[in-house]
file data01.cif (mmCIF, C-alpha atoms and all ligand atoms)
data_my_file
loop_
_atom_site.label_atom_id
_atom_site.label_comp_id
_atom_site.auth_asym_id
_atom_site.auth_seq_id
_atom_site.Cartn_x
_atom_site.Cartn_y
_atom_site.Cartn_z
CA MET A 543 12.43 22.85 14.79
CA GLN A 544 9.57 25.32 14.40
CA HIS A 545 6.14 24.13 13.27
CA GLU A 546 4.19 27.38 13.69
CA ARG A 547 2.98 27.66 10.12
CA SER A 548 1.94 24.03 9.97
CA GLU A 549 0.02 24.41 13.22
CA ALA A 550 -1.77 27.51 11.88
CA ALA A 551 -2.45 25.76 8.58
CA PHE A 552 -4.01 22.81 10.41
CA GLU A 553 -6.25 25.20 12.37
CA ALA A 554 -7.36 26.84 9.13
CA ALA A 555 -7.90 23.49 7.42
CA GLN A 556 -10.19 22.34 10.20
CA THR A 557 -12.49 25.27 9.50
CA TYR A 558 -13.22 24.01 6.02
CA ILE A 559 -12.17 20.38 5.72
CA ALA A 560 -13.68 17.69 7.92
CA GLY A 561 -11.02 17.02 10.52
CA GLY A 562 -8.62 19.21 8.55
CA VAL A 563 -7.46 16.33 6.36
CA ASN A 564 -8.66 14.35 3.36
CA SER A 565 -7.51 10.99 4.73
CA PRO A 566 -7.66 10.32 8.48
CA VAL A 567 -4.18 9.00 9.30
CA ARG A 568 -2.66 12.28 8.04
CA ALA A 569 -3.98 14.02 11.16
CA PHE A 570 -1.20 12.54 13.37
CA LYS A 571 -3.85 11.51 15.91
CA SER A 572 -2.18 8.26 16.86
CA VAL A 573 1.30 9.72 17.35
CA GLY A 574 0.31 13.01 18.97
CA GLY A 575 1.26 16.47 17.80
CA SER A 576 0.05 18.35 14.77
CA PRO A 577 0.60 17.30 11.15
CA VAL A 578 3.29 19.07 9.14
CA PHE A 579 1.99 20.70 6.00
CA ILE A 580 4.10 20.06 2.93
CA ASN A 581 5.34 22.75 0.62
CA GLU A 582 7.40 20.72 -1.83
CA ALA A 583 9.41 17.57 -2.30
CA SER A 584 12.29 16.42 -4.45
CA GLY A 585 14.01 13.04 -4.54
CA ALA A 586 14.03 11.66 -0.99
CA ARG A 587 13.56 15.10 0.59
CA ILE A 588 10.29 16.67 1.66
CA THR A 589 10.00 20.27 2.90
CA ASP A 590 7.24 21.66 5.08
CA ILE A 591 5.75 25.16 5.01
CA ASP A 592 7.93 26.25 7.95
CA GLY A 593 10.97 25.46 5.80
CA ASN A 594 11.96 22.29 7.69
CA GLN A 595 13.44 19.61 5.49
CA TYR A 596 13.02 15.89 6.16
CA ILE A 597 14.27 12.66 4.67
CA ASP A 598 10.99 11.11 3.62
CA PHE A 599 10.29 7.46 4.47
CA VAL A 600 6.55 7.67 3.77
CA GLY A 601 6.71 8.29 0.03
CA SER A 602 3.05 9.32 -0.08
CA TRP A 603 2.29 5.91 1.52
CA GLY A 604 3.98 3.99 -1.25
CA PRO A 605 3.62 5.57 -4.68
CA MET A 606 6.88 7.53 -4.75
CA VAL A 607 9.19 4.55 -5.31
CA VAL A 608 11.39 6.54 -7.70
CA GLY A 609 11.44 9.57 -5.41
CA HIS A 610 9.57 12.85 -5.56
CA ALA A 611 9.48 15.01 -8.68
CA HIS A 612 11.72 12.65 -10.63
CA PRO A 613 12.86 14.59 -13.72
CA ASP A 614 11.50 11.94 -16.11
CA VAL A 615 8.09 12.03 -14.47
CA VAL A 616 8.06 15.83 -14.38
CA ASN A 617 9.09 16.04 -18.04
CA MET A 618 6.39 13.59 -19.03
CA LEU A 619 3.73 15.56 -17.17
CA GLN A 620 4.93 18.87 -18.60
CA SER A 621 4.83 17.47 -22.11
CA LEU A 622 1.23 16.30 -21.59
CA VAL A 623 -0.47 18.97 -19.52
CA GLY A 624 -0.71 21.58 -22.26
CA ARG A 625 -2.46 19.11 -24.56
CA GLY A 626 -5.55 18.81 -22.38
CA THR A 627 -6.08 17.00 -19.12
CA SER A 628 -9.15 14.82 -19.69
CA PHE A 629 -11.07 13.78 -22.77
CA GLY A 630 -13.44 11.02 -21.70
CA ALA A 631 -12.26 9.20 -24.78
CA PRO A 632 -9.46 6.67 -25.29
CA THR A 633 -5.82 7.68 -25.68
CA GLU A 634 -2.76 5.68 -26.70
CA LEU A 635 -1.25 6.45 -23.31
CA GLU A 636 -3.70 4.01 -21.74
CA THR A 637 -2.60 1.21 -24.05
CA ASP A 638 1.05 2.04 -23.40
CA LEU A 639 0.67 1.75 -19.62
CA ALA A 640 -1.60 -1.30 -19.99
CA ARG A 641 0.99 -3.09 -22.15
CA ARG A 642 3.65 -2.47 -19.51
CA VAL A 643 1.37 -3.77 -16.75
CA VAL A 644 0.52 -6.91 -18.74
CA GLU A 645 4.18 -7.53 -19.57
CA MET A 646 5.35 -7.03 -15.99
CA VAL A 647 2.64 -8.70 -13.87
CA PRO A 648 2.40 -12.49 -14.33
CA SER A 649 -1.35 -12.87 -13.62
CA ILE A 650 -2.53 -10.01 -15.83
CA ASP A 651 -3.64 -10.61 -19.44
CA ARG A 652 -6.04 -7.68 -19.49
CA VAL A 653 -6.24 -4.66 -17.23
CA ARG A 654 -8.67 -1.83 -16.39
CA PHE A 655 -7.54 1.50 -14.98
CA VAL A 656 -9.56 3.23 -12.29
CA ASN A 657 -8.82 6.22 -10.04
CA SER A 658 -7.86 4.59 -6.75
CA GLY A 659 -6.95 1.34 -5.07
CA THR A 660 -10.37 1.40 -3.43
CA GLU A 661 -12.08 1.27 -6.81
CA ALA A 662 -9.75 -1.49 -7.97
CA THR A 663 -10.56 -3.85 -5.09
CA MET A 664 -14.26 -2.95 -5.10
CA THR A 665 -14.55 -3.85 -8.76
CA ALA A 666 -12.38 -6.95 -8.55
CA ILE A 667 -14.75 -8.26 -5.88
CA ARG A 668 -17.77 -7.52 -8.07
CA LEU A 669 -16.15 -9.33 -10.96
CA ALA A 670 -15.25 -12.33 -8.78
CA ARG A 671 -18.81 -12.61 -7.53
CA ALA A 672 -20.18 -12.35 -11.05
CA ALA A 673 -17.71 -14.85 -12.50
CA THR A 674 -18.34 -17.48 -9.82
CA GLY A 675 -22.00 -16.77 -9.16
CA ARG A 676 -21.17 -16.93 -5.44
CA PRO A 677 -21.70 -14.25 -2.78
CA LYS A 678 -19.02 -14.59 -0.10
CA ILE A 679 -15.59 -13.00 0.16
CA VAL A 680 -12.87 -14.18 2.54
CA LYS A 681 -10.47 -11.53 3.82
CA PHE A 682 -7.85 -11.41 6.55
CA GLY A 683 -7.94 -9.33 9.71
CA GLY A 684 -5.72 -6.25 9.40
CA CYS A 685 -5.54 -6.37 5.61
CA TYR A 686 -6.84 -3.14 4.14
CA HIS A 687 -8.43 -3.09 0.73
CA GLY A 688 -9.65 0.47 0.52
CA HIS A 689 -12.80 1.87 2.02
CA SER A 690 -15.63 0.32 0.01
CA ASP A 691 -18.39 -0.93 2.29
CA SER A 692 -18.11 -4.68 1.90
CA LEU A 693 -14.36 -4.61 2.59
CA LEU A 694 -14.61 -2.43 5.69
CA ALA A 695 -14.61 -5.30 8.13
CA ASN A 696 -11.55 -5.60 10.35
CA ALA A 697 -9.40 -3.46 8.05
CA GLY A 698 -5.97 -2.25 9.10
CA SER A 699 -4.05 1.05 9.37
CA GLY A 700 -6.33 4.03 9.89
CA MET A 701 -9.00 1.76 11.31
CA MET A 702 -6.55 0.04 13.59
CA THR A 703 -4.93 3.20 14.91
CA LEU A 704 -8.26 4.93 15.36
CA GLY A 705 -9.59 1.83 17.11
CA ILE A 706 -12.69 1.47 14.95
CA PRO A 707 -13.35 -2.24 14.49
CA SER A 708 -15.63 -1.61 11.53
CA SER A 709 -17.09 1.69 10.43
CA PRO A 710 -20.51 3.01 11.38
CA GLY A 711 -22.54 3.48 8.23
CA VAL A 712 -21.64 0.05 6.92
CA THR A 713 -24.73 -2.10 7.31
CA GLU A 714 -24.74 -5.63 8.66
CA GLY A 715 -26.22 -6.73 5.38
CA THR A 716 -23.29 -5.31 3.43
CA VAL A 717 -20.64 -7.15 5.43
CA ALA A 718 -22.72 -10.29 5.93
CA ASP A 719 -20.96 -11.86 2.96
CA THR A 720 -17.49 -10.83 4.16
CA ILE A 721 -15.75 -13.48 6.24
CA THR A 722 -12.68 -12.32 8.15
CA ILE A 723 -10.05 -14.73 9.43
CA PRO A 724 -6.51 -14.32 10.79
CA PHE A 725 -3.66 -13.59 8.35
CA ASN A 726 -1.20 -16.44 7.78
CA SER A 727 -3.63 -19.10 9.00
CA LEU A 728 -4.36 -21.80 6.44
CA PRO A 729 -6.36 -23.92 8.93
CA ASP A 730 -8.91 -21.08 9.18
CA VAL A 731 -9.25 -20.94 5.41
CA LYS A 732 -9.73 -24.69 5.36
CA GLU A 733 -12.46 -24.42 7.95
CA VAL A 734 -14.28 -21.70 6.03
CA PHE A 735 -14.13 -23.76 2.85
CA HIS A 736 -15.33 -26.81 4.75
CA GLU A 737 -18.35 -24.93 6.09
CA VAL A 738 -19.39 -22.59 3.29
CA GLY A 739 -16.93 -23.30 0.49
CA ASP A 740 -19.58 -23.49 -2.21
CA GLN A 741 -20.54 -19.88 -1.43
CA VAL A 742 -17.05 -18.39 -1.51
CA ALA A 743 -16.42 -16.28 -4.61
CA ALA A 744 -12.92 -15.20 -3.69
CA VAL A 745 -10.18 -14.94 -1.14
CA ILE A 746 -8.60 -11.49 -1.16
CA LEU A 747 -5.38 -10.52 0.61
CA GLU A 748 -2.35 -8.31 0.58
CA PRO A 749 0.28 -10.94 -0.28
CA VAL A 750 2.64 -8.93 1.92
CA ALA A 751 0.49 -7.14 4.46
CA GLY A 752 1.33 -3.46 4.67
CA ASN A 753 -1.60 -1.93 6.48
CA MET A 754 -1.13 -3.49 9.92
CA GLY A 755 2.56 -2.78 9.61
CA VAL A 756 4.56 -4.98 7.26
CA ILE A 757 3.86 -8.68 7.71
CA PRO A 758 5.29 -11.16 5.22
CA PRO A 759 3.33 -14.26 4.25
CA ALA A 760 4.43 -17.35 6.18
CA ILE A 761 6.26 -19.95 4.11
CA GLY A 762 3.66 -21.87 2.12
CA PHE A 763 0.80 -19.51 2.95
CA LEU A 764 0.35 -18.03 -0.53
CA GLN A 765 0.81 -21.38 -2.28
CA GLY A 766 -1.62 -22.96 0.17
CA LEU A 767 -4.21 -20.31 -0.67
CA ARG A 768 -3.58 -20.88 -4.37
CA ASP A 769 -4.14 -24.61 -4.05
CA MET A 770 -7.18 -24.36 -1.79
CA THR A 771 -8.97 -21.68 -3.84
CA ARG A 772 -8.41 -23.62 -7.04
CA GLU A 773 -9.75 -26.84 -5.50
CA ASN A 774 -12.72 -24.97 -4.14
CA GLY A 775 -13.58 -23.15 -7.38
CA SER A 776 -12.97 -19.77 -5.73
CA LEU A 777 -10.84 -17.00 -7.15
CA LEU A 778 -7.65 -15.78 -5.52
CA ILE A 779 -7.25 -12.00 -5.52
CA PHE A 780 -3.94 -10.38 -4.66
CA ASP A 781 -4.31 -6.80 -3.54
CA GLU A 782 -0.92 -5.56 -4.69
CA VAL A 783 -1.76 -1.88 -4.33
CA ILE A 784 1.39 -1.53 -2.21
CA SER A 785 3.54 -4.47 -3.32
CA GLY A 786 2.91 -4.09 -7.06
CA PHE A 787 6.01 -2.73 -8.85
CA ARG A 788 7.68 -2.31 -5.44
CA LEU A 789 8.93 -5.80 -4.57
CA ALA A 790 9.72 -6.88 -8.11
CA PRO A 791 8.63 -5.86 -11.63
CA GLY A 792 5.77 -8.33 -11.20
CA GLY A 793 5.12 -7.52 -7.55
CA ALA A 794 4.68 -10.08 -4.77
CA GLN A 795 3.33 -12.67 -7.19
CA GLU A 796 6.67 -12.68 -8.99
CA TYR A 797 8.64 -12.36 -5.74
CA TYR A 798 6.95 -15.41 -4.21
CA GLY A 799 6.12 -17.27 -7.42
CA VAL A 800 2.39 -17.62 -6.79
CA THR A 801 -0.04 -16.44 -9.46
CA PRO A 802 -3.51 -15.21 -8.43
CA ASP A 803 -6.58 -15.02 -10.67
CA LEU A 804 -7.05 -11.28 -10.24
CA THR A 805 -4.66 -8.56 -9.13
CA CYS A 806 -5.40 -5.10 -7.77
CA LEU A 807 -2.90 -2.31 -8.29
CA GLY A 808 -2.59 1.33 -7.25
CA LYS A 809 -0.01 3.64 -5.71
CA VAL A 810 3.20 3.02 -7.77
CA VAL A 811 1.27 2.38 -11.02
CA GLY A 812 0.13 6.01 -10.99
CA GLY A 813 3.56 7.46 -10.27
CA GLY A 814 2.08 9.82 -7.68
CA LEU A 815 -1.10 10.66 -9.55
CA PRO A 816 -4.48 9.11 -8.72
CA VAL A 817 -4.60 5.69 -10.38
CA GLY A 818 -5.76 2.24 -9.49
CA ALA A 819 -5.95 -0.82 -11.71
CA PHE A 820 -7.15 -4.37 -11.65
CA GLY A 821 -6.50 -7.17 -14.05
CA GLY A 822 -6.29 -10.89 -14.56
CA ARG A 823 -7.03 -13.68 -16.95
CA ALA A 824 -8.60 -12.58 -20.21
CA ASP A 825 -11.66 -14.80 -19.75
CA LEU A 826 -12.42 -13.11 -16.43
CA MET A 827 -11.69 -9.56 -17.53
CA GLU A 828 -13.86 -9.91 -20.66
CA GLN A 829 -16.85 -10.31 -18.40
CA LEU A 830 -16.62 -6.56 -17.79
CA ALA A 831 -18.77 -4.18 -19.81
CA PRO A 832 -18.67 -3.54 -22.75
CA THR A 833 -17.65 -7.13 -23.68
CA GLY A 834 -19.55 -8.62 -20.74
CA PRO A 835 -22.31 -7.76 -18.29
CA VAL A 836 -20.29 -6.67 -15.21
CA TYR A 837 -20.51 -2.92 -14.85
CA GLN A 838 -17.56 -0.64 -14.18
CA ALA A 839 -16.91 2.88 -15.41
CA GLY A 840 -15.06 6.11 -14.62
CA THR A 841 -15.20 9.66 -15.97
CA LEU A 842 -11.52 10.22 -15.21
CA ALA A 843 -10.40 6.58 -15.47
CA GLY A 844 -7.25 6.27 -17.58
CA ASN A 845 -6.61 9.99 -17.22
CA PRO A 846 -3.80 11.04 -19.58
CA LEU A 847 -1.65 12.77 -16.95
CA ALA A 848 -2.00 9.83 -14.59
CA MET A 849 -1.13 7.38 -17.36
CA GLY A 850 1.91 9.47 -18.25
CA ALA A 851 3.19 9.52 -14.68
CA GLY A 852 2.70 5.75 -14.48
CA ILE A 853 4.53 5.13 -17.75
CA ALA A 854 7.49 7.28 -16.71
CA THR A 855 7.65 5.58 -13.32
CA LEU A 856 7.54 2.02 -14.70
CA GLU A 857 10.18 3.01 -17.24
CA ILE A 858 12.53 4.10 -14.44
CA LEU A 859 11.80 0.87 -12.56
CA SER A 860 12.76 -1.19 -15.60
CA GLN A 861 16.39 -0.17 -15.21
CA PRO A 862 18.41 -3.33 -14.45
CA GLU A 863 19.56 -2.63 -10.90
CA ALA A 864 16.40 -0.92 -9.63
CA TYR A 865 15.02 -3.72 -7.45
CA ARG A 866 18.41 -4.81 -6.18
CA LYS A 867 19.06 -1.24 -5.12
CA LEU A 868 15.69 -0.95 -3.37
CA ASP A 869 16.35 -4.17 -1.50
CA SER A 870 19.85 -3.24 -0.43
CA LEU A 871 18.73 0.17 0.84
CA GLY A 872 15.91 -1.57 2.70
CA GLU A 873 18.35 -4.02 4.20
CA MET A 874 20.64 -1.22 5.33
CA LEU A 875 17.72 0.61 6.95
CA GLU A 876 16.66 -2.57 8.72
CA ARG A 877 20.16 -3.12 10.06
CA GLY A 878 20.37 0.49 11.24
CA LEU A 879 17.12 0.22 13.16
CA ARG A 880 18.00 -3.14 14.71
CA ASP A 881 21.38 -1.80 15.86
CA ALA A 882 19.83 1.36 17.26
CA ALA A 883 17.18 -0.62 19.13
CA SER A 884 19.61 -3.06 20.66
CA ARG A 885 21.98 -0.26 21.71
CA ALA A 886 19.09 1.61 23.34
CA GLY A 887 17.69 -1.56 24.89
CA VAL A 888 14.26 -0.88 23.39
CA PRO A 889 12.41 -3.92 22.06
CA VAL A 890 11.73 -3.34 18.36
CA HIS A 891 10.77 -6.24 16.14
CA VAL A 892 11.55 -5.53 12.48
CA ASN A 893 9.64 -7.09 9.59
CA ARG A 894 10.91 -6.25 6.12
CA VAL A 895 10.35 -7.36 2.55
CA GLY A 896 12.49 -5.47 0.03
CA SER A 897 11.89 -1.74 0.32
CA MET A 898 8.96 -1.98 2.75
CA MET A 899 9.47 -2.46 6.46
CA THR A 900 7.99 -1.87 9.90
CA GLY A 901 9.70 -1.70 13.26
CA PHE A 902 7.10 -2.91 15.75
CA PHE A 903 7.59 -1.64 19.30
CA GLN A 904 7.46 -5.08 20.90
CA THR A 905 9.52 -8.28 21.03
CA GLY A 906 7.59 -10.08 18.26
CA PRO A 907 7.12 -12.24 16.32
CA VAL A 908 4.49 -10.30 14.36
CA THR A 909 2.59 -12.60 12.03
CA ASN A 910 -0.99 -11.30 12.05
CA PHE A 911 -3.29 -8.55 13.32
CA GLU A 912 -3.44 -9.93 16.84
CA SER A 913 0.32 -9.98 17.29
CA ALA A 914 0.78 -6.59 15.58
CA ALA A 915 -1.74 -5.08 18.00
CA LYS A 916 0.54 -5.93 20.94
CA SER A 917 2.88 -3.11 19.91
CA ASP A 918 3.51 -0.20 22.27
CA THR A 919 1.86 2.58 20.26
CA GLY A 920 2.56 5.21 22.90
CA ARG A 921 6.26 4.52 22.59
CA TYR A 922 6.02 4.59 18.80
CA GLY A 923 4.37 8.02 19.05
CA ALA A 924 7.25 9.36 21.13
CA TYR A 925 9.73 7.82 18.68
CA HIS A 926 7.88 9.37 15.75
CA ARG A 927 8.05 12.84 17.31
CA ALA A 928 11.73 12.44 18.16
CA MET A 929 12.50 11.35 14.59
CA LEU A 930 10.51 14.23 13.10
CA GLU A 931 12.49 16.71 15.20
CA GLN A 932 15.69 15.22 13.74
CA GLY A 933 14.45 15.60 10.19
CA ILE A 934 13.25 12.05 9.58
CA TYR A 935 9.70 11.82 8.28
CA LEU A 936 8.06 8.52 9.25
CA ALA A 937 4.48 7.31 8.95
CA PRO A 938 2.38 8.82 11.74
CA SER A 939 1.20 5.37 12.84
CA GLN A 940 2.83 2.23 14.20
CA PHE A 941 0.80 0.15 11.77
CA GLU A 942 2.19 1.44 8.49
CA ALA A 943 5.20 0.69 6.34
CA THR A 944 8.46 2.58 6.18
CA PHE A 945 9.29 2.91 2.49
CA VAL A 946 12.60 3.53 0.79
CA SER A 947 12.87 4.78 -2.77
CA LEU A 948 15.45 4.82 -5.54
CA ALA A 949 16.13 8.44 -4.58
CA HIS A 950 17.45 7.53 -1.13
CA THR A 951 21.22 7.36 -0.77
CA GLU A 952 23.25 5.28 1.64
CA ALA A 953 24.01 8.53 3.45
CA ASP A 954 20.25 9.13 3.90
CA ILE A 955 19.83 5.66 5.33
CA ALA A 956 22.83 6.11 7.64
CA ALA A 957 21.39 9.42 8.84
CA ALA A 958 18.10 7.69 9.64
CA GLY A 959 19.97 5.04 11.64
CA GLU A 960 21.81 7.66 13.68
CA ALA A 961 18.61 9.57 14.32
CA ALA A 962 16.90 6.33 15.40
CA ALA A 963 19.68 5.65 17.92
CA LYS A 964 19.11 9.06 19.51
CA ALA A 965 15.34 8.82 19.32
CA LEU A 966 15.23 5.36 20.86
CA ALA A 967 17.53 6.42 23.69
CA SER A 968 14.95 9.09 24.57
CA VAL A 969 11.81 6.95 24.53
C1 LIG A 1001 -3.72 2.08 -0.22
C2 LIG A 1001 -4.35 0.74 -0.36
C3 LIG A 1001 -5.61 0.56 -0.93
C4 LIG A 1001 -6.51 1.70 -1.27
O1 LIG A 1001 -5.99 2.51 -2.27
P1 LIG A 1001 -6.53 4.02 -2.36
O2 LIG A 1001 -5.87 4.53 -3.61
O3 LIG A 1001 -6.09 4.71 -1.11
O4 LIG A 1001 -8.00 3.95 -2.47
C5 LIG A 1001 -6.06 -0.73 -1.15
N1 LIG A 1001 -5.31 -1.78 -0.82
C6 LIG A 1001 -4.10 -1.65 -0.28
C7 LIG A 1001 -3.29 -2.86 0.02
C8 LIG A 1001 -3.58 -0.39 0.00
O5 LIG A 1001 -2.40 -0.26 0.61
#

call {"tool": "encode", "arguments": {"input": "data01.cif", "output": "structure tokens"}}
result
Amino acid sequence: MQHERSEAAFEAAQTYIAGGVNSPVRAFKSVGGSPVFINEASGARITDIDGNQYIDFVGSWGPMVVGHAHPDVVNMLQSLVGRGTSFGAPTELETDLARRVVEMVPSIDRVRFVNSGTEATMTAIRLARAATGRPKIVKFGGCYHGHSDSLLANAGSGMMTLGIPSSPGVTEGTVADTITIPFNSLPDVKEVFHEVGDQVAAVILEPVAGNMGVIPPAIGFLQGLRDMTRENGSLLIFDEVISGFRLAPGGAQEYYGVTPDLTCLGKVVGGGLPVGAFGGRADLMEQLAPTGPVYQAGTLAGNPLAMGAGIATLEILSQPEAYRKLDSLGEMLERGLRDAASRAGVPVHVNRVGSMMTGFFQTGPVTNFESAAKSDTGRYGAYHRAMLEQGIYLAPSQFEATFVSLAHTEADIAAAGEAAAKALASV
């Protein structure tokens, strides 16, 4: 496989773009080699500028759950783009997508659309602090909630692979009200509440962690958080930027049957265009301006193209067998990887929930940041390169999810399993 054009494109990009990329993990730093530059994508296939085609298991890091350039999404965008791309005034498209979100997500009575997951979590935190009159936020090590300052303490993925514990430029004062404890540990939450409970505005988490690799919640963990936050007068915030509309129509909260006070969305809800959203109980959401005093705004928020892509995507996901299909493809991929690993004699511990999964290069179990960090990242890098050369596009980091979409076929999944067997035999 030739990557000459991509290598030249990366050189050129570095002349003008800081680090050559607009989001750090794209640079392939943690797996070695040079990033492939994408020319186009369709369904489960992505093609780089050298003409190499890959089966894509990144899906733009989650949004592309119906596959790339789905005809319904493309048609929707084509029907909208000629009518103007931003008005800074309300459209009915916003209400249409909002109605779908409210109908699908159990915790959401009212929603606000923003432009990214980062904005969604940042604003949900502001709202939680305002609603409770308390300053502190509890988060879990390895959970990533976007790159706003107060949430950049022990965040996962890019931070974890780049080995930055917390970013320079974030002041001690800003994170002083952010308490970080290990994922899946209720005793730690209990201790925090015991010590400073009356100052805790909210507990925020990815109900299924996806940014330190996929880590499901331990049995009883989410319900335990629900009970303890309620008793303590703190809000529970689910960051479902990945899990929303991916695990079930109502996301992880439907999948596990635990309803938070506020929910953050992103990725799938924008159907591949830049969208984030947050929502919750009406009484909380009405504290936002203009009905309440909590400020939030956005020039491009609720952008008509982005709303259209979201509407088309949620429509496709409302087909009866969608989630069963995602889960069965995920299960087949998991089986393929387990088989390949055991045949090659390489320890790979697989965590999967529905269509999101991570194979950790270690014996496991992987239940939190500390155990995830024991993975052999060097070996993952070699595996990543070997898979890429066989036309399988995986996340360029051990600590990310492998995603399947409705566009993947059983033949695609089988091909990935065969490639994994070869790749693992060589690492
Ligand atoms: C991707 C992600 C975010 C940030 O969303 P952006 O759109 O990249 O700002 C927040 N939380 C979680 C769980 C995510 O996976």

call {"tool": "closest_atom_pairs", "arguments": {"input": "data01.cif", "of": "chain A", "to": "ligand LIG 1001 (chain A)", "cutoff": "8 Å", "atoms": "only C-alpha atoms and all ligand atoms", "output": "tab-separated table"}}
result
residue	atom	partner	partner_atom	distance
A:Trp603	CA	A:LIG1001	C1	7.3
A:Gly604	CA	A:LIG1001	O5	7.9
A:Asn657	CA	A:LIG1001	O2	7.3
A:Ser658	CA	A:LIG1001	O2	3.7
A:Gly659	CA	A:LIG1001	O1	3.2
A:Thr660	CA	A:LIG1001	O4	3.6
A:Glu661	CA	A:LIG1001	O4	6.5
A:Ala662	CA	A:LIG1001	C5	7.8
A:Thr663	CA	A:LIG1001	C5	6.7
A:Cys685	CA	A:LIG1001	C7	7.0
A:Tyr686	CA	A:LIG1001	N1	5.4
A:His687	CA	A:LIG1001	N1	3.7
A:Gly688	CA	A:LIG1001	C4	3.8
A:His689	CA	A:LIG1001	O4	6.9
A:Leu747	CA	A:LIG1001	C7	8.0
A:Glu748	CA	A:LIG1001	C7	5.6
A:Ala751	CA	A:LIG1001	C7	7.2
A:Gly752	CA	A:LIG1001	O5	6.4
A:Asn753	CA	A:LIG1001	O5	6.2
A:Asp781	CA	A:LIG1001	C7	5.4
A:Glu782	CA	A:LIG1001	C7	5.9
A:Val783	CA	A:LIG1001	C6	4.7
A:Ile784	CA	A:LIG1001	O5	4.9
A:Ser785	CA	A:LIG1001	C7	7.8
A:Cys806	CA	A:LIG1001	N1	7.7
A:Leu807	CA	A:LIG1001	N1	7.9
A:Gly808	CA	A:LIG1001	O2	5.9
A:Lys809	CA	A:LIG1001	O2	6.3
A:Pro816	CA	A:LIG1001	O2	7.0
A:Val817	CA	A:LIG1001	O2	7.0
A:Gly818	CA	A:LIG1001	O2	6.3

call {"tool": "residues_around", "arguments": {"input": "data01.cif", "residues": "region 902-910 of chain A", "least_positions_apart": "2", "cutoff": "9 Å", "atoms": "only C-alpha atoms", "output": "PDB file with C-alpha atoms, in the frame of the given file"}}
result
ATOM      1  CA  PHE A 682      -7.850 -11.410   6.550  1.00  0.00           C
ATOM      2  CA  GLY A 683      -7.940  -9.330   9.710  1.00  0.00           C
ATOM      3  CA  GLY A 684      -5.720  -6.250   9.400  1.00  0.00           C
ATOM      4  CA  PRO A 724      -6.510 -14.320  10.790  1.00  0.00           C
ATOM      5  CA  PHE A 725      -3.660 -13.590   8.350  1.00  0.00           C
ATOM      6  CA  ASN A 726      -1.200 -16.440   7.780  1.00  0.00           C
ATOM      7  CA  SER A 727      -3.630 -19.100   9.000  1.00  0.00           C
ATOM      8  CA  ALA A 751       0.490  -7.140   4.460  1.00  0.00           C
ATOM      9  CA  MET A 754      -1.130  -3.490   9.920  1.00  0.00           C
ATOM     10  CA  GLY A 755       2.560  -2.780   9.610  1.00  0.00           C
ATOM     11  CA  VAL A 756       4.560  -4.980   7.260  1.00  0.00           C
ATOM     12  CA  ILE A 757       3.860  -8.680   7.710  1.00  0.00           C
ATOM     13  CA  PRO A 758       5.290 -11.160   5.220  1.00  0.00           C
ATOM     14  CA  PRO A 759       3.330 -14.260   4.250  1.00  0.00           C
ATOM     15  CA  ALA A 760       4.430 -17.350   6.180  1.00  0.00           C
ATOM     16  CA  VAL A 888      14.260  -0.880  23.390  1.00  0.00           C
ATOM     17  CA  PRO A 889      12.410  -3.920  22.060  1.00  0.00           C
ATOM     18  CA  VAL A 890      11.730  -3.340  18.360  1.00  0.00           C
ATOM     19  CA  HIS A 891      10.770  -6.240  16.140  1.00  0.00           C
ATOM     20  CA  VAL A 892      11.550  -5.530  12.480  1.00  0.00           C
ATOM     21  CA  ASN A 893       9.640  -7.090   9.590  1.00  0.00           C
ATOM     22  CA  THR A 900       7.990  -1.870   9.900  1.00  0.00           C
ATOM     23  CA  GLU A 912      -3.440  -9.930  16.840  1.00  0.00           C
ATOM     24  CA  SER A 913       0.320  -9.980  17.290  1.00  0.00           C
ATOM     25  CA  ALA A 914       0.780  -6.590  15.580  1.00  0.00           C
ATOM     26  CA  ALA A 915      -1.740  -5.080  18.000  1.00  0.00           C
ATOM     27  CA  LYS A 916       0.540  -5.930  20.940  1.00  0.00           C
ATOM     28  CA  SER A 917       2.880  -3.110  19.910  1.00  0.00           C
ATOM     29  CA  ASP A 918       3.510  -0.200  22.270  1.00  0.00           C
ATOM     30  CA  THR A 919       1.860   2.580  20.260  1.00  0.00           C
ATOM     31  CA  ARG A 921       6.260   4.520  22.590  1.00  0.00           C
ATOM     32  CA  TYR A 922       6.020   4.590  18.800  1.00  0.00           C
ATOM     33  CA  GLN A 940       2.830   2.230  14.200  1.00  0.00           C
ATOM     34  CA  PHE A 941       0.800   0.150  11.770  1.00  0.00           C
TER      35      PHE A 941
END

call {"tool": "atom_distance", "arguments": {"input": "data01.cif", "atom1": "CA of Ala886 (chain A)", "atom2": "CA of Ala967 (chain A)"}}
result
5.1 Å

call {"tool": "residues_around", "arguments": {"input": "data01.cif", "residues": "Leu728 (chain A)", "least_positions_apart": "6", "cutoff": "9 Å", "atoms": "all atoms listed in the file", "output": "ChimeraX atom specification"}}
result
/A:763,766-767

call {"tool": "closest_residue", "arguments": {"input": "data01.cif", "among": "A:Leu879, A:Leu936, A:Thr855, A:Pro749", "to": "Val895 (chain A)", "atoms": "all atoms listed in the file"}}
result
A:Pro749

call {"tool": "residues_around", "arguments": {"input": "data01.cif", "residues": "Ile955 (chain A)", "least_positions_apart": "4", "cutoff": "10 Å", "atoms": "only C-alpha atoms", "output": "list in words"}}
result
Ile597, Phe599, Leu871, Gly872, Glu873, Met874, Leu875, Glu876, Arg877, Gly878, Leu879, Val946, His950, Thr951, Gly959, Glu960 and Ala961 of chain A
